[in-house]
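Data block below; observations after.
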Amino acid sequence: MTQSALNFDLGSPDAYADGVPHDVFDQLRREEPVAWVDEPAGEGFEGGPGFWAVTRYDDVMTVSKNPQIFSSQRGASFLRTQRPQDLAALQQMMLNFDPPEHSKMRAIVSKAFTPKMIQKMFDDVAAHAHTIVDGLESGADIDLVASVSSEMPLRVLADVLGVPSEDRHLLYDWTNRMVGLDDPSYGGRAAFVSAFIEMFKYAAGKTHAKREQPGGDVWSVIVNAEVDGEQLSTEELNRFFQLLVIAGNETTRNLITGFFLTLSDHPDERAKLQQNMALLPKAIEEVLRYHSPVIQFRRTATQDTELGGKTIREGDKVVIFYVSANRDENQFEDPHAFRIERGSPNHLAFGAGTHFCLGNSLARMEAKVFLEAFFTRFPDWTITGGPDRFRSNFINGIKALPVNLGKATS
């Protein structure tokens, strides 16, 4: 293949500073869908051993559905190789488990995210959506992320965890510092580590409280559940808490922000939605495909194997790029076109296989309820400036987005 894509450092957060480089992924899918990518040294990075970039939909599915060959635990899910002490800590997170341990832990969490449990949350989710929308002033200029797209999932997350609503901003701060590891504006590794310490101390306190006096929240279910006749340890629960905090607000925040960005760039599709809000569920699925909230996840080969015609050696890093798979021309017709009516139900924005996101139904419900309330009240909103993006190779995230609300309807 030509050298432009292979010379592009897909592991660097700088590669996504102006958005996802879809032209690079297009070339890789066409010419070398499983490609070796070097990890040269850069600002604050000493360099790495390199990794296999997996960019086609079918290959991403293969990796996702074969954890016995492509492990989440062996090297954890961060693209960059971790220090031994950090890796040991990350390997205790459910996100970085492999079966059978992952299956046992997932069985606990799944009890809290059944369709019945999600439906029970509907009234509270709707109330949060209307509280946020009712608090916005007609014609006001706002930062959409701070005022809207972060607020919605944070309020719901506080309910899920059974913590006071006023503590939701602690959850927001910890999340930003953890997903913003490569972003100097969040303080780098020192802020990353301190976020863990602060959050784990908080989680341990909530665990004690919920064991003393359980409530109807998800955290009460988890801390009082048993695996093989024993309750989870404090350390295991701290990692669970971390997973819920990040997955429970970051992905939904980026979905909502990405929805506004995408519709602003496609006024004809926006007009279709404004004229027929029944299209909203399909529009959400199409935004998830088109503006995937998560860029990639890393796996580690547990044995020599073949993928996409390439020989992968035991211990090699294998990185599955959801943002590329969701634009695969062999899976989606005219993939760079945004069409709300197609819905794209087979996108990979929530992952696939063993680690398919358990909270996907709650995220979809949050987005639908909120966007319906917002678009009804403020149909003439406009984006007034460019997005301030996270410096990250993992999260396709926006830190700030200026919006004028336009005139509110009565």
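Residue numbering restarts at 1 in every chain; chains get A, B, ... in the order shown in the structure tokens, and ligands count up from 1 in that same order.
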
### Query
Mind checking DSSP for range 52-245 of chain A and telling me the alpha helix (DSSP H) residues as number ranges by chain?
A: 57-64, 84-90, 101-112, 115-120, 122-134, 144, 151-161, 168-179, 188-212, 218-223, 234-245

Which residues come within 9 Å of Val34 in chain A, counting only C-alpha atoms, excluding same-chain residues fewer than 2 positions away, as a PDB file with N, CA and C atoms, in the first residue's frame?
ATOM      1  N   LEU A  28      -6.610   2.300   4.906  1.00  0.00           N
ATOM      2  CA  LEU A  28      -6.234   1.050   5.568  1.00  0.00           C
ATOM      3  C   LEU A  28      -7.235  -0.058   5.273  1.00  0.00           C
ATOM      4  N   ARG A  29      -8.517   0.246   5.326  1.00  0.00           N
ATOM      5  CA  ARG A  29      -9.511  -0.791   5.024  1.00  0.00           C
ATOM      6  C   ARG A  29      -9.360  -1.317   3.602  1.00  0.00           C
ATOM      7  N   GLU A  32      -4.824  -2.405   3.482  1.00  0.00           N
ATOM      8  CA  GLU A  32      -4.183  -3.248   4.496  1.00  0.00           C
ATOM      9  C   GLU A  32      -5.026  -3.206   5.774  1.00  0.00           C
ATOM     10  N   TRP A  36       0.357  -3.251  10.552  1.00  0.00           N
ATOM     11  CA  TRP A  36       1.267  -2.997  11.671  1.00  0.00           C
ATOM     12  C   TRP A  36       1.554  -1.502  11.747  1.00  0.00           C
ATOM     13  N   TRP A  52      -1.040  -3.981  15.965  1.00  0.00           N
ATOM     14  CA  TRP A  52      -1.823  -4.297  14.775  1.00  0.00           C
ATOM     15  C   TRP A  52      -3.101  -3.468  14.809  1.00  0.00           C
ATOM     16  N   ALA A  53      -3.311  -2.652  13.784  1.00  0.00           N
ATOM     17  CA  ALA A  53      -4.531  -1.856  13.658  1.00  0.00           C
ATOM     18  C   ALA A  53      -5.546  -2.654  12.849  1.00  0.00           C
ATOM     19  N   VAL A  54      -6.691  -2.966  13.472  1.00  0.00           N
ATOM     20  CA  VAL A  54      -7.750  -3.749  12.834  1.00  0.00           C
ATOM     21  C   VAL A  54      -8.873  -2.796  12.472  1.00  0.00           C
ATOM     22  N   THR A  55      -9.143  -2.634  11.179  1.00  0.00           N
ATOM     23  CA  THR A  55     -10.012  -1.541  10.748  1.00  0.00           C
ATOM     24  C   THR A  55     -11.288  -1.977  10.030  1.00  0.00           C
ATOM     25  N   ARG A  56     -11.384  -3.224   9.577  1.00  0.00           N
ATOM     26  CA  ARG A  56     -12.597  -3.682   8.902  1.00  0.00           C
ATOM     27  C   ARG A  56     -13.601  -4.244   9.910  1.00  0.00           C
ATOM     28  N   ASP A  59     -13.376  -8.074  10.740  1.00  0.00           N
ATOM     29  CA  ASP A  59     -12.208  -8.414  11.551  1.00  0.00           C
ATOM     30  C   ASP A  59     -12.371  -7.908  12.981  1.00  0.00           C
ATOM     31  N   LEU A 307      -4.999 -13.200  11.132  1.00  0.00           N
ATOM     32  CA  LEU A 307      -6.146 -12.305  11.006  1.00  0.00           C
ATOM     33  C   LEU A 307      -5.917 -11.432   9.784  1.00  0.00           C
ATOM     34  N   GLY A 308      -6.880 -11.411   8.887  1.00  0.00           N
ATOM     35  CA  GLY A 308      -6.762 -10.575   7.701  1.00  0.00           C
ATOM     36  C   GLY A 308      -5.533 -10.882   6.868  1.00  0.00           C
ATOM     37  N   GLY A 309      -5.135 -12.155   6.871  1.00  0.00           N
ATOM     38  CA  GLY A 309      -3.971 -12.550   6.081  1.00  0.00           C
ATOM     39  C   GLY A 309      -2.638 -12.241   6.734  1.00  0.00           C
ATOM     40  N   LYS A 310      -2.625 -11.755   7.965  1.00  0.00           N
ATOM     41  CA  LYS A 310      -1.387 -11.423   8.668  1.00  0.00           C
ATOM     42  C   LYS A 310      -1.158 -12.399   9.821  1.00  0.00           C
TER      43      LYS A 310
END

Range 202-275 of chain A near range 164-187 of chain A within 8 Å: what's each residue's closest atom pair and its distance in Å to one decimal, counting only C-alpha atoms, ordered by chain then ascending residue number, as JSON lines?
{"residue": "A:Val245", "atom": "CA", "partner": "A:Leu171", "partner_atom": "CA", "distance": 6.4}
{"residue": "A:Ile246", "atom": "CA", "partner": "A:Thr175", "partner_atom": "CA", "distance": 5.6}
{"residue": "A:Asn249", "atom": "CA", "partner": "A:Tyr172", "partner_atom": "CA", "distance": 7.8}
{"residue": "A:Glu250", "atom": "CA", "partner": "A:Thr175", "partner_atom": "CA", "distance": 7.2}

Filtering to C-alpha atoms, could you give me those residues as a PDB file, in the first residue's frame?
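Result file follows (result-v9.pdb):
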ATOM      1  CA  VAL A 245     -18.654   6.177  36.552  1.00  0.00           C
ATOM      2  CA  ILE A 246     -16.798   6.301  33.224  1.00  0.00           C
ATOM      3  CA  ASN A 249     -21.492   9.313  31.771  1.00  0.00           C
ATOM      4  CA  GLU A 250     -18.664   9.682  29.259  1.00  0.00           C
TER       5      GLU A 250
END

### Query
So, counting only C-alpha atoms, which residue among A:Gly386, A:Ala337, A:Glu151, A:Ile108 is closest to Gln231 in chain A?
A:Ile108

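Each of A:Val109, A:Leu161, A:Ile395, A:Met365 was checked against Gly216 in chain A using only C-alpha atoms; the smallest atom-to-atom distance is that of A:Leu161.
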
### Gap from CA of Glu39 in chain A to CA of Ile295 in chain A - Å, one decimal
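Atom-to-atom, CA of Glu39 in chain A to CA of Ile295 in chain A, that is 17.2 Å.
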
### Task
Mind checking which residues fall within 9 Å of Val60 in chain A, counting only C-alpha atoms, ignoring those fewer than 3 positions away in the same chain, and posting them as a list in words?
Val54, Thr55, Arg56, Tyr57, Val63, Ser64, Lys65, Val319, Ile320, Phe321, Tyr322, Ala325 and Ala352 of chain A

If you keep N, CA, C and O atoms, can you produce a file of those selected residues as a PDB file, in the first residue's frame?
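As written to disk, part28.pdb reads:
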ATOM      1  N   VAL A  54      -6.691  -2.966  13.472  1.00  0.00           N
ATOM      2  CA  VAL A  54      -7.750  -3.749  12.834  1.00  0.00           C
ATOM      3  C   VAL A  54      -8.873  -2.796  12.472  1.00  0.00           C
ATOM      4  O   VAL A  54      -9.488  -2.195  13.356  1.00  0.00           O
ATOM      5  N   THR A  55      -9.143  -2.634  11.179  1.00  0.00           N
ATOM      6  CA  THR A  55     -10.012  -1.541  10.748  1.00  0.00           C
ATOM      7  C   THR A  55     -11.288  -1.977  10.030  1.00  0.00           C
ATOM      8  O   THR A  55     -12.197  -1.163   9.872  1.00  0.00           O
ATOM      9  N   ARG A  56     -11.384  -3.224   9.577  1.00  0.00           N
ATOM     10  CA  ARG A  56     -12.597  -3.682   8.902  1.00  0.00           C
ATOM     11  C   ARG A  56     -13.601  -4.244   9.910  1.00  0.00           C
ATOM     12  O   ARG A  56     -13.238  -4.857  10.911  1.00  0.00           O
ATOM     13  N   TYR A  57     -14.860  -4.071   9.585  1.00  0.00           N
ATOM     14  CA  TYR A  57     -15.960  -4.494  10.453  1.00  0.00           C
ATOM     15  C   TYR A  57     -15.861  -5.980  10.810  1.00  0.00           C
ATOM     16  O   TYR A  57     -15.916  -6.354  11.992  1.00  0.00           O
ATOM     17  N   VAL A  63     -12.219 -10.353  16.381  1.00  0.00           N
ATOM     18  CA  VAL A  63     -11.434 -10.098  17.588  1.00  0.00           C
ATOM     19  C   VAL A  63     -12.348 -10.010  18.808  1.00  0.00           C
ATOM     20  O   VAL A  63     -12.068 -10.589  19.864  1.00  0.00           O
ATOM     21  N   SER A  64     -13.459  -9.303  18.660  1.00  0.00           N
ATOM     22  CA  SER A  64     -14.367  -9.085  19.783  1.00  0.00           C
ATOM     23  C   SER A  64     -14.985 -10.369  20.302  1.00  0.00           C
ATOM     24  O   SER A  64     -15.266 -10.498  21.501  1.00  0.00           O
ATOM     25  N   LYS A  65     -15.213 -11.317  19.398  1.00  0.00           N
ATOM     26  CA  LYS A  65     -15.924 -12.544  19.775  1.00  0.00           C
ATOM     27  C   LYS A  65     -15.003 -13.720  20.118  1.00  0.00           C
ATOM     28  O   LYS A  65     -15.484 -14.833  20.363  1.00  0.00           O
ATOM     29  N   VAL A 319      -5.368  -3.761  18.115  1.00  0.00           N
ATOM     30  CA  VAL A 319      -6.250  -2.635  18.428  1.00  0.00           C
ATOM     31  C   VAL A 319      -7.408  -2.611  17.445  1.00  0.00           C
ATOM     32  O   VAL A 319      -7.197  -2.525  16.228  1.00  0.00           O
ATOM     33  N   ILE A 320      -8.618  -2.720  17.971  1.00  0.00           N
ATOM     34  CA  ILE A 320      -9.819  -2.728  17.123  1.00  0.00           C
ATOM     35  C   ILE A 320     -10.405  -1.317  17.091  1.00  0.00           C
ATOM     36  O   ILE A 320     -10.734  -0.740  18.128  1.00  0.00           O
ATOM     37  N   PHE A 321     -10.522  -0.768  15.899  1.00  0.00           N
ATOM     38  CA  PHE A 321     -10.973   0.611  15.709  1.00  0.00           C
ATOM     39  C   PHE A 321     -12.453   0.640  15.335  1.00  0.00           C
ATOM     40  O   PHE A 321     -12.829   0.416  14.188  1.00  0.00           O
ATOM     41  N   TYR A 322     -13.286   0.952  16.332  1.00  0.00           N
ATOM     42  CA  TYR A 322     -14.728   1.050  16.094  1.00  0.00           C
ATOM     43  C   TYR A 322     -15.060   2.175  15.116  1.00  0.00           C
ATOM     44  O   TYR A 322     -15.996   2.056  14.325  1.00  0.00           O
ATOM     45  N   ALA A 325     -14.576   0.611  11.710  1.00  0.00           N
ATOM     46  CA  ALA A 325     -15.557  -0.437  11.415  1.00  0.00           C
ATOM     47  C   ALA A 325     -16.928   0.150  11.139  1.00  0.00           C
ATOM     48  O   ALA A 325     -17.677  -0.348  10.286  1.00  0.00           O
ATOM     49  N   ALA A 352     -18.935  -5.221  20.937  1.00  0.00           N
ATOM     50  CA  ALA A 352     -19.531  -6.486  20.481  1.00  0.00           C
ATOM     51  C   ALA A 352     -18.930  -7.619  21.297  1.00  0.00           C
ATOM     52  O   ALA A 352     -17.907  -7.465  21.961  1.00  0.00           O
TER      53      ALA A 352
END

### Atom pair CA of Lys399 in chain A / CA of Asp123 in chain A: separation (Å)
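Interatomic distance, CA of Lys399 in chain A to CA of Asp123 in chain A: 28.7 Å.
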
### Query
If we count only C-alpha atoms, what is near Leu279 in chain A at a cut-off of 8 Å, once residues fewer than 3 positions away on the same chain are taken out, given as a ChimeraX atom specification?
/A:273,276,282-283,340-341

Got time to write the residues from that selection, C-alpha atoms, as a short mmCIF file (atom, residue, chain, number, x, y, z; two decimals), in the first residue's frame?
data_model
loop_
_atom_site.label_atom_id
_atom_site.label_comp_id
_atom_site.auth_asym_id
_atom_site.auth_seq_id
_atom_site.Cartn_x
_atom_site.Cartn_y
_atom_site.Cartn_z
CA LEU A 273 -36.08 15.03 12.21
CA ASN A 276 -40.98 13.97 12.24
CA LYS A 282 -33.20 5.81 14.11
CA ALA A 283 -31.35 9.13 14.20
CA ILE A 340 -31.11 9.27 9.87
CA GLU A 341 -33.67 6.99 8.26
#

### Message
Could you check the closest approach to Ile69 in chain A for each of A:Gly343, A:Ala190, A:Lys317, A:Met121 and tell me which residue wins, using only C-alpha atoms?
### Response
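Result for the nearest residue to Ile69 in chain A: A:Lys317.
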
#### Entry: CA of Phe241 in chain A to CA of Val227 in chain A, distance in Å rounded to a single decimal
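These atoms are spaced 16.8 Å apart.
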